[in-house]
Amino acid sequence: MRPMLQLLFLSALALLLCAASPAQMNSSPSAAEQASLPHDQHSGITVSAEPITDASRAKHIFGKANPIPSGVLPVEVWLRNDTSEPVQIGLDTIQLEIHYQSGRMDGVDSLTPKQAASAIAHPNGPAAPRERRFPIGVGYVGDKKTDRFLDILRPLALSSDIVPPMGSIHGYLFFDLQHDMSLVSQSSLYIPDAVVIPSKKALIFFEVSFATP
């Protein structure tokens, strides 16, 4: 490659890397990290997830949009596809399942980036019933403060629903735990909908347990 063409190529590559979001830059953990993270694996798909419960760590990741003080749990998720076909994940149906010692189980829906930004910007509103049980509805307050936090969360959120063949996707999901982070140790990330494209073959659900011994 001629020196001038090589310089142009490297410059273009640098611009692409700078433009990539943080979620895209760290798309997959190493093999050693994969083995140490909570994960579920079958049909050539590996789902790894890690709940972020430490406020200082969350602040390092999200800055002013730190969800922990607002009672919102961020979960870092990696999906790796080791097959030759793309797989579509149903992002709208992903839940955090909470397994109580009494045998009762609740499913907490994941928040959209807009809902998470609103909850962080307005942790005391909108008004809600005094007693709430999961699953719960999350209100949305749209204003400049919410928009600022949304600008931080949106590039970090798990937004792509297609896991490419021999590739991976990565990002954060958000769950409103109403400040009770102790629930994390008795919960699991539940992904019920995964379909192989273009055959539309449904895969068995994925469940990543965060339970502690």
# chains A, B, ... in the order shown; residues from 1 in each chain; ligands from 1
>>> residues_around(residues="Ser56 in chain A", least_positions_apart="5", cutoff="10 Å", atoms="only C-alpha atoms", output="MDAnalysis selection string")
chainID A and resid 61:63 66 68
>>> residues_around(residues="Ser110 in chain A", least_positions_apart="3", cutoff="7 Å", atoms="only C-alpha atoms", output="ChimeraX atom specification")
/A:94-95,173-175
>>> atom_distance(atom1="CA of Phe205 in chain A", atom2="CA of Met166 in chain A")
19.9 Å
>>> select_by_dssp(residues="range 38-181 of chain A", states="strand (DSSP E)", output="NGL selection string")
:A and (39-42 or 45-51 or 72-81 or 87-89 or 95-99 or 105-109 or 162-163 or 167-176)
>>> write_last_selection(atoms="C-alpha atoms", output="PDB file, in the first residue's frame")
ATOM      1  CA  HIS A  39     -23.683 -17.066  31.877  1.00  0.00           C
ATOM      2  CA  ASP A  40     -25.932 -19.465  30.008  1.00  0.00           C
ATOM      3  CA  GLN A  41     -24.900 -21.232  26.829  1.00  0.00           C
ATOM      4  CA  HIS A  42     -26.633 -23.448  24.306  1.00  0.00           C
ATOM      5  CA  ILE A  45     -25.236 -18.764  21.709  1.00  0.00           C
ATOM      6  CA  THR A  46     -23.628 -17.557  24.942  1.00  0.00           C
ATOM      7  CA  VAL A  47     -25.333 -14.980  27.159  1.00  0.00           C
ATOM      8  CA  SER A  48     -23.134 -13.469  29.857  1.00  0.00           C
ATOM      9  CA  ALA A  49     -24.362 -10.871  32.331  1.00  0.00           C
ATOM     10  CA  GLU A  50     -23.109  -8.984  35.358  1.00  0.00           C
ATOM     11  CA  PRO A  51     -25.273  -6.835  37.655  1.00  0.00           C
ATOM     12  CA  VAL A  72     -32.352   1.289  39.258  1.00  0.00           C
ATOM     13  CA  LEU A  73     -30.077  -1.706  38.677  1.00  0.00           C
ATOM     14  CA  PRO A  74     -27.839  -1.704  35.589  1.00  0.00           C
ATOM     15  CA  VAL A  75     -26.922  -5.117  34.184  1.00  0.00           C
ATOM     16  CA  GLU A  76     -24.062  -5.441  31.709  1.00  0.00           C
ATOM     17  CA  VAL A  77     -24.891  -8.018  29.035  1.00  0.00           C
ATOM     18  CA  TRP A  78     -22.877  -9.753  26.325  1.00  0.00           C
ATOM     19  CA  LEU A  79     -24.437 -12.001  23.672  1.00  0.00           C
ATOM     20  CA  ARG A  80     -22.056 -14.076  21.544  1.00  0.00           C
ATOM     21  CA  ASN A  81     -23.061 -16.036  18.464  1.00  0.00           C
ATOM     22  CA  VAL A  87     -30.012 -14.632  15.819  1.00  0.00           C
ATOM     23  CA  GLN A  88     -32.665 -12.119  16.836  1.00  0.00           C
ATOM     24  CA  ILE A  89     -33.269 -11.433  20.527  1.00  0.00           C
ATOM     25  CA  GLN A  95     -36.967  -9.651  32.515  1.00  0.00           C
ATOM     26  CA  LEU A  96     -35.155  -9.823  35.812  1.00  0.00           C
ATOM     27  CA  GLU A  97     -36.789 -12.742  37.600  1.00  0.00           C
ATOM     28  CA  ILE A  98     -36.777 -12.584  41.392  1.00  0.00           C
ATOM     29  CA  HIS A  99     -37.062 -15.902  43.232  1.00  0.00           C
ATOM     30  CA  MET A 105     -41.501 -15.344  41.796  1.00  0.00           C
ATOM     31  CA  ASP A 106     -41.786 -11.872  40.255  1.00  0.00           C
ATOM     32  CA  GLY A 107     -40.684 -10.660  36.863  1.00  0.00           C
ATOM     33  CA  VAL A 108     -39.331  -7.109  36.541  1.00  0.00           C
ATOM     34  CA  ASP A 109     -39.470  -5.731  33.007  1.00  0.00           C
ATOM     35  CA  ILE A 162     -29.504  -8.925  16.126  1.00  0.00           C
ATOM     36  CA  VAL A 163     -26.487 -11.027  17.120  1.00  0.00           C
ATOM     37  CA  GLY A 167     -20.099 -12.042  16.269  1.00  0.00           C
ATOM     38  CA  SER A 168     -21.403 -10.446  19.438  1.00  0.00           C
ATOM     39  CA  ILE A 169     -23.345  -7.522  20.860  1.00  0.00           C
ATOM     40  CA  HIS A 170     -22.923  -5.785  24.201  1.00  0.00           C
ATOM     41  CA  GLY A 171     -24.689  -3.194  26.322  1.00  0.00           C
ATOM     42  CA  TYR A 172     -26.557  -2.431  29.542  1.00  0.00           C
ATOM     43  CA  LEU A 173     -30.112  -3.247  30.617  1.00  0.00           C
ATOM     44  CA  PHE A 174     -31.865  -1.378  33.431  1.00  0.00           C
ATOM     45  CA  PHE A 175     -34.321  -2.666  36.042  1.00  0.00           C
ATOM     46  CA  ASP A 176     -36.228  -0.703  38.677  1.00  0.00           C
TER      47      ASP A 176
END
>>> residues_around(residues="Phe149 in chain A", least_positions_apart="5", cutoff="10 Å", atoms="only C-alpha atoms", output="PDB file with N, CA and C atoms, in the first residue's frame")
ATOM      1  N   PHE A  62     -21.411   5.481  34.311  1.00  0.00           N
ATOM      2  CA  PHE A  62     -22.514   6.317  33.846  1.00  0.00           C
ATOM      3  C   PHE A  62     -22.388   7.790  34.213  1.00  0.00           C
ATOM      4  N   GLY A  63     -21.399   8.120  35.038  1.00  0.00           N
ATOM      5  CA  GLY A  63     -21.219   9.522  35.405  1.00  0.00           C
ATOM      6  C   GLY A  63     -22.431  10.088  36.127  1.00  0.00           C
ATOM      7  N   LYS A  64     -22.895  11.250  35.687  1.00  0.00           N
ATOM      8  CA  LYS A  64     -24.027  11.915  36.326  1.00  0.00           C
ATOM      9  C   LYS A  64     -25.332  11.130  36.169  1.00  0.00           C
ATOM     10  N   ALA A  65     -25.359  10.194  35.232  1.00  0.00           N
ATOM     11  CA  ALA A  65     -26.557   9.375  35.021  1.00  0.00           C
ATOM     12  C   ALA A  65     -26.483   8.065  35.808  1.00  0.00           C
ATOM     13  N   ASN A  66     -25.753   8.054  36.925  1.00  0.00           N
ATOM     14  CA  ASN A  66     -25.632   6.874  37.772  1.00  0.00           C
ATOM     15  C   ASN A  66     -27.013   6.413  38.224  1.00  0.00           C
ATOM     16  N   PRO A  67     -27.438   5.198  37.860  1.00  0.00           N
ATOM     17  CA  PRO A  67     -28.791   4.750  38.206  1.00  0.00           C
ATOM     18  C   PRO A  67     -28.943   4.214  39.625  1.00  0.00           C
ATOM     19  N   PRO A 113     -34.197   3.012  27.690  1.00  0.00           N
ATOM     20  CA  PRO A 113     -33.292   4.098  28.096  1.00  0.00           C
ATOM     21  C   PRO A 113     -34.046   5.357  28.515  1.00  0.00           C
ATOM     22  N   LYS A 114     -35.172   5.670  27.862  1.00  0.00           N
ATOM     23  CA  LYS A 114     -35.972   6.839  28.233  1.00  0.00           C
ATOM     24  C   LYS A 114     -36.531   6.696  29.643  1.00  0.00           C
ATOM     25  N   ALA A 116     -35.388   4.737  32.039  1.00  0.00           N
ATOM     26  CA  ALA A 116     -34.286   4.761  33.001  1.00  0.00           C
ATOM     27  C   ALA A 116     -33.807   6.182  33.236  1.00  0.00           C
ATOM     28  N   ALA A 117     -33.681   6.965  32.171  1.00  0.00           N
ATOM     29  CA  ALA A 117     -33.235   8.357  32.308  1.00  0.00           C
ATOM     30  C   ALA A 117     -34.228   9.165  33.126  1.00  0.00           C
ATOM     31  N   SER A 118     -35.511   8.926  32.916  1.00  0.00           N
ATOM     32  CA  SER A 118     -36.540   9.639  33.671  1.00  0.00           C
ATOM     33  C   SER A 118     -36.498   9.267  35.146  1.00  0.00           C
ATOM     34  N   ALA A 119     -36.300   7.971  35.435  1.00  0.00           N
ATOM     35  CA  ALA A 119     -36.236   7.514  36.825  1.00  0.00           C
ATOM     36  C   ALA A 119     -35.024   8.099  37.545  1.00  0.00           C
ATOM     37  N   ILE A 120     -33.920   8.254  36.825  1.00  0.00           N
ATOM     38  CA  ILE A 120     -32.712   8.824  37.425  1.00  0.00           C
ATOM     39  C   ILE A 120     -32.876  10.319  37.643  1.00  0.00           C
ATOM     40  N   ALA A 121     -33.495  10.997  36.672  1.00  0.00           N
ATOM     41  CA  ALA A 121     -33.677  12.444  36.765  1.00  0.00           C
ATOM     42  C   ALA A 121     -34.725  12.821  37.797  1.00  0.00           C
ATOM     43  N   LYS A 144     -35.566  18.645  30.113  1.00  0.00           N
ATOM     44  CA  LYS A 144     -34.161  18.786  29.739  1.00  0.00           C
ATOM     45  C   LYS A 144     -33.248  17.909  30.593  1.00  0.00           C
ATOM     46  N   ARG A 154     -28.205   6.230  26.389  1.00  0.00           N
ATOM     47  CA  ARG A 154     -28.570   5.628  25.101  1.00  0.00           C
ATOM     48  C   ARG A 154     -27.394   4.927  24.405  1.00  0.00           C
TER      49      ARG A 154
END
>>> select_by_dssp(residues="range 22-212 of chain A", states="alpha helix (DSSP H)", output="PyMOL selection string")
chain A and resi 22-25+31-36+55-62+113-121+144-153
